[in-house]
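Participant: The structure under discussion is supplied below as structure tokens; questions concerning it will follow.
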Amino acid sequence: MNSSVPLKPKAGVPLALVSVCLFGAVATLALNRHWPKPMREYVISFLGGVPAGDNAAAKPAATAHGDAHDHDHDHEGHVEEHSLELSEQARRSIGLKEGDVALSTFHRTIPLPGMVVERRGRSRFTIIAPMTGFVTQILATEGEAVAPDQPLFELRLTHEEVVQAQADALRTTVEIDVVRREIARLEAIGPEGLIPIKNILERKYELQKLEAVQLAQRQALLLHGLSESQVNDIYTTRTLLGSVSVCAPTAGTIKDGSGTLIVQELTVERGQHVTAGDTLAVLVDHGTLLIEGEAFEHDVNVITEAATTGKPITAVIETKTGPAQTVEGLRIAYVADRVASESRTLNFYVTLPNETVGQPRVEGTSRFVTWQYKPGQRMQLKVPVEEWAERIVLPAEAVAQDGVENYVFRSNGDHFDREPIHVEHRDPQWVVVANDGTLFPGDRIAMSAAQQLQLALKNKSGGGIDPHAGHSH
């Protein structure tokens with residue numbers, strides 16, 4: 001081919017097609033990243049395009065055409081990188097709950113450890129053997145609920161002093177009967193002269209002495225542990241008492257109690273020989289208990305103020321099978337008068353009303369009940385310190401933590417938008433948010449699973465693929 005001959009388009013090839021090919025070749029070279037940036041931007045401008053630095057305004061429109069999801073990007077304040085969309089299945093999986101923001105008064109408290117204890121001198125009753133003998137019958141079982149005055153044990157008496165006291169009382173009773181009949185006989189004989197009045201007076205004086213002896217013997221039998229009815233039976237039937245019933249405390253001796261006594265412990269067996277004063281059983285009444293709290297030395301003023309002003313105390317019971325249980329409206333009964341020298345803590349006691357759970361269970365003649373609160377049970381006491389008015393109080397699950405930042409998720413159509421907030425106070429149950437205009441009353445936010453939403457948002461923002469990965473320039 002002769003190089004001096006000019007090239008001409010072949011016949012039949014349109015000039016417009018040649019121009020398009022040249023334009024495409026220049027554009028391809030201009031977009032080559034190996035070209036210097038000023039040269040690429042000059043060529044792009046020459047071709048009628050927009051340089052990369054001026055293309056930010058057009059980017060949302062292009063993105064809208066290439067978005068594979070049918071998202072609504074026109075929400076007020078919606079920023080894609082701070083927004084999260086959840087399916088209905090995801091909401092149910094994380095247990096998401098929504099609620100409206102509201103202003104309220106928050107009572108700031110200090111948590112202190114506590115343990116349920118019995119009321120000393122009120123909750124426990126010890127049943128003792130009134131006299132020496134053998135246990136012939138045990139009429140109650142451990143764990144059984146018994147009523148006041150209910151028989152618990154039968155004892156066969158072997159104590160010589162008790163037997164002798166009964167015999168003396170019975171002998172005196174018979175002698176009194178003899179003297180009374182003699183007086184009646186003498187008075188019925190006739191006029192004075194046949195029977196001197198002196199003889200009748202002597203018999204009456206003898207009767208008075210015997211009645212005084214009988215009164216002393218009666219009191220001795222009562223002191224030995226016999227009841228009024230048992231002593232009356234001895235005098236009425238003229239029979240010595242061979243066995244005695246030991247009963248639960250009478251209703252009058254149960255002060256400030258529920259009247260439901262539980263046999264906590266049996267310490268004897270049938271056929272066992274016991275002496276007067278031996279413990280037969282221990283009964284308890286858990287209708288009212290105490291929570292023994294431990295306050296640190298620097299909290300003494302707070303505890304003292306709560307006790308004197310009657311501030312309500314809240315008890316929290318941790319459970320593994322569900323949310324923590326709370327008992328509200330409790331009051332401090334009394335505060336210890338000294339600080340423990342070893343632990344440097346101050347004990348205080350909160351009155352805890354108790355109640356039975358469910359219906360009593362009956363087995364034969366025995367009745368069993370279960371109390372809701374039991375001695376030895378651990379609790380956390382919340383003692384109020386101060387009140388904060390006009391605050392936004394949210395459940396702890398509604399606020400997510402990420403380093404030093406705290407976030408809530410505001411409902412925005414089908415999205416949740418993350419909002420940074422200022423936290424003034426946090427405890428295991430509640431978070432106090434400053435009323436600084438970030439949230440307004442009536443705003444709808446996620447009231448639970450905020451930490452899961454924060455984790456999902458971080459995974460979303462960090463899940464993209466770097467377009468330059470694998471390239472070395």
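We label chains A, B, ... in the order they appear in the structure tokens, count residues from 1 in each chain, and number ligands from 1 in the order shown.
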Which of stretch 311-471 of chain A end up as alpha helix (DSSP H) when DSSP is run on this backbone - answer as a VMD selection string?
Facilitator: chain A and resid 450 to 461
Participant: Compile the contact shell of A:Lys458 as a PyMOL selection string: residues with an atom at most 12 Å away, counting only C-alpha atoms, same-chain residues fewer than 6 positions apart removed.
Facilitator: chain A and resi 81-84+402+418+451-452+464
Participant: Enumerate the residues of stretch 153-381 of chain A with a DSSP assignment of strand (DSSP E), computed from the backbone, and present them as JSON, numbers by chain.
Facilitator: {"A": [153, 154, 155, 156, 157, 243, 244, 245, 246, 247, 261, 262, 263, 264, 265, 266, 273, 274, 279, 280, 281, 282, 283, 284, 288, 289, 290, 291, 292, 293, 294, 295, 296, 313, 314, 315, 316, 317, 325, 326, 327, 328, 329, 330, 332, 333, 334, 335, 345, 346, 347, 348, 349, 350, 351, 352, 353, 361, 362, 363, 366, 367, 368, 378, 379, 380, 381]}
Participant: With a distance cut-off of 10 Å and only C-alpha atoms, select the neighbouring residues of A:Glu161, excluding the residue or stretch itself and same-chain residues fewer than 6 positions from it, and output the selection as a VMD selection string.
Facilitator: chain A and resid 131 to 132 167 221 224
Participant: Kindly save the residues from that selection, with C-alpha atoms included, as a PDB file, in the first residue's frame.
Facilitator:
ATOM      1  CA  MET A 131     -44.589 -32.851 131.782  1.00  0.00           C
ATOM      2  CA  THR A 132     -42.608 -36.055 131.691  1.00  0.00           C
ATOM      3  CA  ALA A 167     -53.913 -38.008 143.714  1.00  0.00           C
ATOM      4  CA  LEU A 221     -51.860 -28.844 138.470  1.00  0.00           C
ATOM      5  CA  HIS A 224     -47.616 -28.572 135.765  1.00  0.00           C
TER       6      HIS A 224
END
Participant: One decimal, Å: what's the distance from atom CA of A:Thr267 over to atom CA of A:Ala248, could you say?
Facilitator: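 Rounded to one decimal, the two atoms are 15.1 Å apart.
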Participant: Using only C-alpha atoms, which of the listed residues (A:Ile183, A:Ala400, A:Ala434, A:Leu226) sits closest to A:Val162?
Facilitator: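 Answer, going by the shortest atom-to-atom distance: A:Leu226.
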Participant: Find the spatial neighbours of stretch 310-313 of chain A, counting only C-alpha atoms, within a cut-off of 7 Å - ignore same-chain residues fewer than 3 positions away - and output them as a list in words.
Facilitator: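 Neighbouring residues, sequence-local ones excluded: Ala306, Ala307, Glu328, Gly329, Leu330, Arg331, Leu381, Lys382 and Val383 of chain A.
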Participant: Which of these, A:Leu170, A:Ile421, A:Val433, A:Ala449, has the shortest distance to A:Arg92 once you count only C-alpha atoms?
Facilitator: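 Looking only at the distances to A:Arg92, the closest residue turns out to be A:Ala449.
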Participant: So which residues touch A:Pro353 within 7 Å, counting only C-alpha atoms, skipping near sequence neighbours fewer than 2 positions away, as an NGL selection string?
Facilitator: :A and (287-289 or 351 or 355)
Participant: Compare A:Val432, A:Gln272, A:His286, A:Glu175 by their minimum atom-to-atom distance to A:Glu387, counting only C-alpha atoms, and give me the closest one.
Facilitator: A:Val432
Participant: Atom CA of A:Thr319 and atom CA of A:Thr356 are how many Å apart?
Facilitator: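 Atom-to-atom, atom CA of A:Thr319 to atom CA of A:Thr356, that is 19.0 Å.
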Participant: Could you give me, as a PDB file with N, CA and C atoms, in the first residue's frame, the residues within 12 Å of A:Gly242, counting only C-alpha atoms and dropping anything in the same chain fewer than 6 positions from it?
Facilitator:
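Output file around.pdb follows:
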ATOM      1  N   MET A 131     -44.955 -31.965 130.676  1.00  0.00           N
ATOM      2  CA  MET A 131     -44.589 -32.851 131.782  1.00  0.00           C
ATOM      3  C   MET A 131     -43.898 -34.089 131.213  1.00  0.00           C
ATOM      4  N   THR A 132     -43.355 -34.869 132.104  1.00  0.00           N
ATOM      5  CA  THR A 132     -42.608 -36.055 131.691  1.00  0.00           C
ATOM      6  C   THR A 132     -43.569 -37.174 131.289  1.00  0.00           C
ATOM      7  N   GLY A 133     -43.203 -37.865 130.191  1.00  0.00           N
ATOM      8  CA  GLY A 133     -44.037 -38.969 129.744  1.00  0.00           C
ATOM      9  C   GLY A 133     -43.529 -39.545 128.441  1.00  0.00           C
ATOM     10  N   PHE A 134     -44.349 -40.388 127.835  1.00  0.00           N
ATOM     11  CA  PHE A 134     -44.039 -41.013 126.557  1.00  0.00           C
ATOM     12  C   PHE A 134     -44.963 -40.437 125.483  1.00  0.00           C
ATOM     13  N   THR A 136     -47.246 -40.908 122.728  1.00  0.00           N
ATOM     14  CA  THR A 136     -48.069 -42.014 122.230  1.00  0.00           C
ATOM     15  C   THR A 136     -48.632 -41.731 120.839  1.00  0.00           C
ATOM     16  N   GLU A 154     -50.066 -36.530 121.862  1.00  0.00           N
ATOM     17  CA  GLU A 154     -50.632 -37.194 123.027  1.00  0.00           C
ATOM     18  C   GLU A 154     -49.480 -37.775 123.834  1.00  0.00           C
ATOM     19  N   LEU A 155     -49.442 -37.443 125.161  1.00  0.00           N
ATOM     20  CA  LEU A 155     -48.387 -37.935 126.047  1.00  0.00           C
ATOM     21  C   LEU A 155     -48.985 -38.827 127.129  1.00  0.00           C
ATOM     22  N   ARG A 156     -48.340 -39.977 127.380  1.00  0.00           N
ATOM     23  CA  ARG A 156     -48.695 -40.828 128.515  1.00  0.00           C
ATOM     24  C   ARG A 156     -47.858 -40.369 129.706  1.00  0.00           C
ATOM     25  N   LEU A 157     -48.526 -39.935 130.773  1.00  0.00           N
ATOM     26  CA  LEU A 157     -47.831 -39.343 131.908  1.00  0.00           C
ATOM     27  C   LEU A 157     -47.120 -40.407 132.735  1.00  0.00           C
ATOM     28  N   THR A 158     -45.879 -40.130 133.075  1.00  0.00           N
ATOM     29  CA  THR A 158     -45.097 -40.995 133.972  1.00  0.00           C
ATOM     30  C   THR A 158     -44.428 -40.186 135.072  1.00  0.00           C
ATOM     31  N   HIS A 159     -44.628 -38.901 135.090  1.00  0.00           N
ATOM     32  CA  HIS A 159     -43.973 -38.052 136.076  1.00  0.00           C
ATOM     33  C   HIS A 159     -44.638 -38.268 137.438  1.00  0.00           C
ATOM     34  N   GLU A 160     -43.862 -38.717 138.422  1.00  0.00           N
ATOM     35  CA  GLU A 160     -44.414 -39.048 139.729  1.00  0.00           C
ATOM     36  C   GLU A 160     -45.014 -37.830 140.402  1.00  0.00           C
ATOM     37  N   VAL A 162     -46.477 -35.254 139.076  1.00  0.00           N
ATOM     38  CA  VAL A 162     -47.781 -34.932 138.499  1.00  0.00           C
ATOM     39  C   VAL A 162     -48.823 -35.935 138.970  1.00  0.00           C
ATOM     40  N   VAL A 163     -48.441 -37.220 138.977  1.00  0.00           N
ATOM     41  CA  VAL A 163     -49.379 -38.246 139.423  1.00  0.00           C
ATOM     42  C   VAL A 163     -49.744 -38.020 140.887  1.00  0.00           C
ATOM     43  N   GLN A 164     -48.739 -37.690 141.702  1.00  0.00           N
ATOM     44  CA  GLN A 164     -48.996 -37.460 143.114  1.00  0.00           C
ATOM     45  C   GLN A 164     -49.851 -36.215 143.324  1.00  0.00           C
ATOM     46  N   GLN A 166     -52.099 -35.083 141.294  1.00  0.00           N
ATOM     47  CA  GLN A 166     -53.479 -35.440 140.951  1.00  0.00           C
ATOM     48  C   GLN A 166     -54.133 -36.248 142.071  1.00  0.00           C
ATOM     49  N   ALA A 167     -53.359 -37.178 142.624  1.00  0.00           N
ATOM     50  CA  ALA A 167     -53.913 -38.008 143.714  1.00  0.00           C
ATOM     51  C   ALA A 167     -54.258 -37.155 144.927  1.00  0.00           C
ATOM     52  N   LEU A 226     -51.307 -28.789 132.959  1.00  0.00           N
ATOM     53  CA  LEU A 226     -52.656 -29.235 132.647  1.00  0.00           C
ATOM     54  C   LEU A 226     -53.536 -28.029 132.358  1.00  0.00           C
ATOM     55  N   GLN A 230     -58.854 -29.992 131.689  1.00  0.00           N
ATOM     56  CA  GLN A 230     -58.320 -31.249 132.205  1.00  0.00           C
ATOM     57  C   GLN A 230     -58.441 -31.320 133.730  1.00  0.00           C
ATOM     58  N   ASP A 233     -61.956 -31.971 134.646  1.00  0.00           N
ATOM     59  CA  ASP A 233     -62.324 -33.371 134.434  1.00  0.00           C
ATOM     60  C   ASP A 233     -61.894 -34.247 135.616  1.00  0.00           C
ATOM     61  N   ILE A 234     -60.745 -33.934 136.192  1.00  0.00           N
ATOM     62  CA  ILE A 234     -60.287 -34.713 137.349  1.00  0.00           C
ATOM     63  C   ILE A 234     -61.273 -34.573 138.505  1.00  0.00           C
TER      64      ILE A 234
END
Participant: Pick out the residues sitting within 8 Å of A:Phe296, and hand them over as an MDAnalysis selection string; count only C-alpha atoms, and ignore anything fewer than 4 positions along from it in its own chain.
Facilitator: chainID A and resid 300 344:346
